[in-house]
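**Q** Next comes the structure file protein34.cif, holding mmCIF, C-alpha atoms.
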data_coords
loop_
_atom_site.label_atom_id
_atom_site.label_comp_id
_atom_site.auth_asym_id
_atom_site.auth_seq_id
_atom_site.Cartn_x
_atom_site.Cartn_y
_atom_site.Cartn_z
CA ILE A 26 -45.89 14.43 -56.43
CA SER A 27 -47.83 12.41 -59.00
CA THR A 28 -45.95 10.64 -61.78
CA ASN A 29 -46.50 7.96 -64.39
CA PHE A 30 -49.51 9.60 -66.04
CA THR A 31 -51.17 7.86 -68.97
CA TYR A 32 -52.86 9.68 -71.84
CA ALA A 33 -55.27 8.99 -74.68
CA VAL A 34 -53.68 10.20 -77.94
CA PHE A 35 -55.84 11.20 -80.94
CA SER A 36 -54.95 11.52 -84.60
CA ASP A 37 -56.77 11.97 -87.93
CA ARG A 38 -54.09 9.90 -89.67
CA THR A 39 -55.70 6.48 -89.99
CA ASN A 40 -52.38 4.77 -90.79
CA LEU A 41 -51.12 5.71 -87.32
CA THR A 42 -54.21 4.88 -85.27
CA ALA A 43 -55.63 1.77 -83.66
CA GLY A 44 -59.14 2.63 -84.87
CA PRO A 45 -61.93 4.89 -83.60
CA ILE A 46 -61.86 5.70 -79.88
CA LYS A 47 -65.45 4.42 -79.46
CA PHE A 48 -64.24 0.87 -80.18
CA ALA A 49 -61.12 1.08 -77.99
CA VAL A 50 -60.70 -0.79 -74.73
CA PRO A 51 -59.89 1.30 -71.62
CA PRO A 52 -57.51 2.64 -70.31
CA TYR A 53 -56.85 4.02 -73.86
CA SER A 54 -53.08 3.94 -73.56
CA GLY A 55 -50.38 1.58 -74.68
CA SER A 56 -47.54 0.99 -77.09
CA ASN A 57 -47.33 -0.35 -80.61
CA SER A 58 -44.01 -2.15 -80.08
CA SER A 59 -42.00 -3.90 -77.38
CA PRO A 60 -39.51 -1.92 -75.24
CA VAL A 61 -35.87 -1.92 -76.31
CA VAL A 62 -33.29 -2.25 -73.52
CA ILE A 63 -30.63 0.45 -73.88
CA VAL A 64 -28.52 -0.45 -70.88
CA THR A 65 -28.70 -2.66 -67.82
CA ASN A 66 -26.10 -3.11 -65.10
CA SER A 67 -25.77 -4.15 -61.48
CA PHE A 68 -22.27 -2.82 -60.67
CA GLU A 69 -20.68 -6.27 -61.00
CA SER A 70 -17.99 -4.91 -63.34
CA ALA A 71 -17.06 -2.01 -61.02
CA GLU A 72 -14.02 -2.32 -58.75
CA VAL A 73 -14.71 -2.54 -55.02
CA GLY A 74 -13.54 0.61 -53.23
CA LEU A 75 -14.19 4.30 -52.69
CA TYR A 76 -15.21 6.63 -55.53
CA ALA A 77 -14.51 10.35 -55.30
CA PRO A 78 -16.60 13.07 -57.02
CA GLY A 79 -16.07 12.89 -60.79
CA GLU A 80 -15.20 9.19 -60.80
CA VAL A 81 -17.43 6.71 -62.62
CA ALA A 82 -18.83 3.44 -61.26
CA ASP A 83 -20.35 1.26 -63.98
CA GLY A 84 -21.68 4.25 -65.92
CA TRP A 85 -22.74 6.32 -62.87
CA THR A 86 -20.77 9.50 -62.19
CA ILE A 87 -20.34 10.42 -58.54
CA GLU A 88 -21.30 14.08 -58.17
CA THR A 89 -20.82 15.05 -54.53
CA ASN A 90 -18.94 13.56 -51.57
CA THR A 91 -17.62 9.98 -51.62
CA ALA A 92 -19.49 6.82 -52.62
CA ALA A 93 -18.33 3.21 -52.64
CA ILE A 94 -18.74 -0.06 -54.46
CA LEU A 95 -19.24 -2.68 -51.76
CA SER A 96 -19.26 -6.45 -51.95
CA LEU A 97 -22.39 -7.56 -50.08
CA PRO A 98 -23.31 -10.96 -51.57
CA THR A 99 -25.98 -11.67 -48.96
CA GLU A 100 -27.58 -8.23 -49.30
CA ALA A 101 -27.23 -7.45 -53.02
CA GLN A 102 -30.34 -7.60 -55.20
CA THR A 103 -28.36 -9.08 -58.11
CA GLY A 104 -24.89 -10.61 -57.94
CA ALA A 105 -22.64 -9.46 -55.10
CA ARG A 106 -21.79 -5.77 -55.60
CA VAL A 107 -23.79 -2.63 -54.87
CA LEU A 108 -23.20 1.11 -55.02
CA ALA A 109 -23.40 2.70 -51.56
CA LEU A 110 -24.02 6.43 -51.89
CA GLY A 111 -23.45 7.57 -48.33
CA ASP A 112 -23.83 11.37 -48.62
CA ALA A 113 -23.05 11.34 -52.35
CA ALA A 114 -25.25 11.85 -55.41
CA ALA A 115 -24.80 9.76 -58.55
CA ARG A 116 -25.76 10.66 -62.13
CA PHE A 117 -26.27 8.51 -65.25
CA GLU A 118 -26.18 10.26 -68.64
CA PHE A 119 -27.34 8.86 -71.97
CA ASP A 120 -28.04 9.88 -75.55
CA ALA A 121 -31.74 10.11 -76.36
CA ASN A 122 -34.07 10.81 -79.24
CA VAL A 123 -36.15 13.93 -78.62
CA GLY A 124 -39.83 13.10 -78.26
CA VAL A 125 -39.26 9.38 -77.70
CA GLY A 126 -40.49 7.68 -74.53
CA TYR A 127 -38.16 6.00 -72.01
CA ARG A 128 -38.55 3.97 -68.83
CA ALA A 129 -35.93 3.65 -66.11
CA SER A 130 -35.88 1.36 -63.09
CA ILE A 131 -33.37 1.20 -60.23
CA GLN A 132 -33.29 -1.17 -57.28
CA LEU A 133 -32.83 0.83 -54.06
CA ARG A 134 -32.72 0.04 -50.34
CA ALA A 135 -31.15 1.25 -47.12
CA HIS A 136 -27.74 -0.09 -46.04
CA PRO A 137 -28.16 -2.94 -43.49
CA LEU A 138 -26.26 -0.87 -40.90
CA SER A 139 -28.56 2.13 -41.33
CA THR A 140 -30.71 2.35 -38.21
CA ASN A 141 -33.35 4.71 -39.65
CA PRO A 142 -35.31 4.86 -42.91
CA VAL A 143 -33.33 6.69 -45.60
CA PRO A 144 -35.06 9.37 -47.73
CA VAL A 145 -33.81 9.69 -51.30
CA ALA A 146 -34.66 11.89 -54.29
CA LEU A 147 -34.67 10.96 -57.98
CA TYR A 148 -34.00 13.66 -60.58
CA LEU A 149 -34.50 13.82 -64.32
CA ASN A 150 -32.32 16.42 -66.07
CA GLY A 151 -31.93 18.28 -62.79
CA GLU A 152 -35.66 18.40 -62.04
CA LEU A 153 -37.07 16.49 -59.07
CA ASP A 154 -39.09 13.51 -60.33
CA GLN A 155 -39.95 11.69 -57.12
CA THR A 156 -38.93 11.17 -53.50
CA LEU A 157 -38.82 7.84 -51.68
CA VAL A 158 -38.13 6.59 -48.17
CA LEU A 159 -36.04 3.42 -48.19
CA SER A 160 -36.08 0.55 -45.73
CA SER A 161 -34.12 -2.70 -45.53
CA ASN A 162 -36.18 -4.17 -48.40
CA TRP A 163 -35.27 -3.61 -52.04
CA LEU A 164 -37.58 -1.20 -53.83
CA LYS A 165 -37.77 -1.07 -57.63
CA THR A 166 -38.32 2.46 -58.88
CA ASP A 167 -40.23 2.95 -62.10
CA PHE A 168 -40.42 6.31 -63.79
CA ARG A 169 -41.29 7.07 -67.37
CA PHE A 170 -40.58 10.15 -69.42
CA ARG A 171 -40.33 11.57 -72.91
CA ALA A 172 -36.91 12.93 -73.90
CA SER A 173 -36.86 16.72 -74.15
CA THR A 174 -33.22 16.93 -75.32
CA ASN A 175 -30.78 14.60 -77.09
CA ARG A 176 -28.75 14.23 -73.88
CA MET A 177 -30.64 13.16 -70.77
CA ASN A 178 -29.54 12.29 -67.25
CA ILE A 179 -30.96 10.53 -64.21
CA ALA A 180 -29.66 11.29 -60.71
CA VAL A 181 -30.10 9.67 -57.31
CA ALA A 182 -29.34 11.67 -54.16
CA PRO A 183 -30.01 11.22 -50.43
CA THR A 184 -32.03 14.09 -48.96
CA VAL A 185 -30.57 13.75 -45.45
CA MET A 186 -26.83 13.84 -44.76
CA GLY A 187 -24.86 11.80 -42.20
CA ASN A 188 -24.94 8.46 -44.00
CA VAL A 189 -21.34 7.47 -43.22
CA THR A 190 -19.67 5.53 -40.42
CA THR A 191 -17.06 7.02 -38.10
CA ASN A 192 -14.33 5.46 -40.27
CA GLY A 193 -15.78 6.99 -43.43
CA GLU A 194 -17.57 3.99 -44.92
CA PRO A 195 -20.60 5.14 -46.97
CA LEU A 196 -23.93 3.82 -45.74
CA GLY A 197 -27.41 5.20 -46.51
CA VAL A 198 -28.69 4.41 -50.00
CA LEU A 199 -27.69 1.16 -51.72
CA MET A 200 -28.19 0.95 -55.49
CA ASP A 201 -28.31 -2.22 -57.53
CA THR A 202 -29.83 -3.38 -60.82
CA PHE A 203 -30.43 -0.45 -63.19
CA THR A 204 -32.33 -0.82 -66.47
CA LEU A 205 -33.04 1.85 -69.08
CA GLU A 206 -35.46 1.07 -71.90
CA GLN A 207 -36.82 2.90 -74.92
CA VAL A 208 -40.53 2.25 -75.08
CA GLY A 209 -42.59 1.94 -78.24
CA ALA A 210 -44.59 4.77 -79.74
CA GLU A 211 -47.93 5.43 -78.06
CA LEU A 212 -51.08 4.10 -79.66
CA SER A 213 -53.31 6.74 -81.19
CA TYR A 214 -57.05 6.67 -81.82
CA GLN A 215 -59.36 8.33 -84.30
CA PRO A 216 -61.60 10.99 -82.72
CA GLU A 217 -65.38 10.94 -83.16
CA ASP A 218 -65.13 14.11 -85.27
CA SER A 219 -62.23 15.25 -87.42
CA PHE A 220 -59.79 17.81 -86.07
CA LYS A 221 -59.97 19.68 -89.37
CA THR A 222 -62.82 21.86 -88.12
CA ILE A 223 -60.65 23.33 -85.35
CA LEU A 224 -57.36 23.73 -87.23
CA GLY A 225 -55.90 27.20 -86.76
CA GLN A 226 -57.91 27.93 -83.62
CA SER A 227 -56.33 28.79 -80.29
CA GLY A 228 -56.00 25.95 -77.81
CA ALA A 229 -56.31 28.30 -74.81
CA GLY A 230 -59.33 28.00 -72.55
CA GLU A 231 -61.34 25.28 -70.87
CA TRP A 232 -61.53 21.85 -72.51
CA LYS A 233 -64.28 19.41 -71.58
CA LEU A 234 -64.30 15.68 -72.33
CA GLU A 235 -67.69 13.97 -72.41
CA VAL A 236 -67.72 10.19 -72.36
CA THR A 237 -70.81 8.08 -73.01
CA ASP A 238 -71.19 4.36 -73.57
CA SER A 239 -74.29 2.85 -75.12
CA ARG A 240 -72.72 -0.38 -76.37
#
Output the file's structure in the form of structure tokens.
**A**
Amino acid sequence: ISTNFTYAVFSDRTNLTAGPIKFAVPPYSGSNSSPVVIVTNSFESAEVGLYAPGEVADGWTIETNTAAILSLPTEAQTGARVLALGDAAARFEFDANVGVGYRASIQLRAHPLSTNPVPVALYLNGELDQTLVLSSNWLKTDFRFRASTNRMNIAVAPTVMGNVTTNGEPLGVLMDTFTLEQVGAELSYQPEDSFKTILGQSGAGEWKLEVTDSR
């Protein structure tokens, strides 16, 4: 699965563009403003203990099976507390502006008592976004998206069950620092020729982009 695509955006509206594309510097993508942090947490305000399905740990709703907030000061990425999913899935919901870009990052790793790599899936509004295999090292996920509805959700779920000890302590995936940002609007560029000549025409069919550079 390929994610984190970048695009060149074109517009005839000169007040919205960064100038003609022929004067732009590759990779022809970027933002016209700094990201705005919507939420960030690292489970430090959550009570240590087990969390049943439907309960909330620092903004994350446990969806299936039992998860736990553990105090692991020597293993945590930030602070002392982490969310151990075990065989549970966790979901974070937030209000969004349709069409606006967002970026989410989560620190993930395998529990120190997990003897094998732990596969995990990340979902955006119920659709699989990416799959990862976690080790004992913290891994910062980074996925970017444009809101399709005014209520979005991100979910983390192990793809293999059996991530609990014999006494029921959740192991498997550990989650720590989570940050959600709203990113600035994408930069647009003026095309070589105006779009006015193709207004009203069908966009179906093969499109070809020819790039030359004689500067």
**Q** Nearest to A:Val125 among A:Met200, A:Ala113, A:Ala101, A:Val208, with distances taken over only C-alpha atoms: which residue is it?
**A** A:Val208
**Q** For A:Thr166, find every residue with an atom within 8 Å (counting only C-alpha atoms), except residues of its own chain fewer than 6 positions away, and show them as a list in words.
**A**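 My reading of the contact set: Ala129, Ser130, Ile131, Gln132 and Leu133 of chain A.
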**Q** Dump as a PyMOL selection string all residues having an atom at most 12 Å from (-37.9, 16.3, -71.3), computed in the file's coordinates with only C-alpha atoms.
**A** chain A and resi 121-127+148-152+154+169-179
**Q** For the file shown, report as a list in words the outcome of the PyMOL selection byres ((chain A and resi 139) around 9) at residue level.
**A** Ala135, His136, Pro137, Leu138, Thr140, Asn141, Pro142, Val143, Ser160, Ser161, Asn188, Leu196, Gly197 and Val198 of chain A
**Q** I need every residue sitting at most 6 Å from the point (-30.3, 0.6, -69.0) (coordinates as in the file, only C-alpha atoms considered), written as a tab-separated table (two decimals) with C-alpha atoms, keeping the file's coordinate frame.
**A**
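Once written, result_0.tsv looks like this:
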chain	number	residue	atom	x	y	z
A	63	ILE	CA	-30.63	0.45	-73.88
A	64	VAL	CA	-28.52	-0.45	-70.88
A	65	THR	CA	-28.70	-2.66	-67.82
A	203	PHE	CA	-30.43	-0.45	-63.19
A	204	THR	CA	-32.33	-0.82	-66.47
A	205	LEU	CA	-33.04	1.85	-69.08
A	206	GLU	CA	-35.46	1.07	-71.90
**Q** Select, from A:Pro183, A:Pro60, A:Pro78, A:Pro195, the residue with the minimum atom-to-atom distance to A:Ile94, counting only C-alpha atoms.
**A** A:Pro195
**Q** Evaluated on this file, the PyMOL selection byres ((chain A and resi 157) around 7) picks out some residues - which ones are they, written as a list in words?
**A** Pro144, Val145, Ala146, Gln155, Thr156, Val158 and Leu159 of chain A
**Q** Rank nothing, just name the residue among A:Arg128, A:Lys233, A:Lys221, A:Arg116 nearest to A:Ser36, using only C-alpha atoms.
**A** A:Lys221
**Q** Residues picked by the PyMOL selection byres ((chain A and resi 35) around 6) here, as a list of chain:residue names?
**A** A:Val34, A:Ser36, A:Ser213, A:Tyr214, A:Gln215
**Q** Would you mind listing what lies within 10 Å of A:Asp201 as a list of chain:residue names, with all atoms listed in the file counted and same-chain residues fewer than 2 positions away left out?
**A**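 That gives A:Asn66, A:Ser67, A:Phe68, A:Glu69, A:Ala101, A:Gln102, A:Thr103, A:Gly104, A:Ala105, A:Arg106, A:Val107, A:Leu108, A:Ala109, A:Ile131, A:Gln132, A:Leu133, A:Arg134, A:Trp163, A:Lys165, A:Leu199, A:Phe203, A:Thr204.
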**Q** How many Å separate atom CA of A:Ile223 from atom CA of A:Glu235?
**A**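 Straight-line distance from atom CA of A:Ile223 to atom CA of A:Glu235 works out to 17.5 Å.
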**Q** For A:Pro45, which residue among A:Gln226, A:Ser96, A:Ser219, A:Thr184 is the nearest when counting all atoms listed in the file?
**A** A:Ser219
**Q** Let me make sure I understand: among A:Thr89, A:Leu147, A:Val61, A:Leu164, which one has the smallest atom-to-atom distance to A:Thr202 if we use all atoms listed in the file?
**A**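 Closest to A:Thr202 of all the choices is A:Leu164.
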**Q** Please enclose the listed atoms of stretch 74-88 of chain A in an axis-aligned box, pad each side by 4 Å, and write out the centre and the three edge lengths in Å, rounded to one decimal, as JSON.
**A**
{"center_x": -18.1, "center_y": 7.3, "center_z": -59.3, "size_x": 17.2, "size_y": 21.5, "size_z": 21.2}
**Q** Given the choices A:Val81, A:Val73, A:Val62, A:Ala92, which gets closest to A:Glu194 if the distance is worked out from only C-alpha atoms?
**A**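 Distance minimum relative to A:Glu194 lands on A:Ala92.
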**Q** Just the number, please: distance in Å from atom CA of A:Asp83 to atom CA of A:Gly187, one decimal.
**A**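 For atom CA of A:Asp83 relative to atom CA of A:Gly187, the distance reads 24.6 Å.
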**Q** Atom CA of A:Thr99 and atom CA of A:Glu80 are how many Å apart?
**A**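 Atom CA of A:Glu80 lies 26.3 Å from atom CA of A:Thr99.
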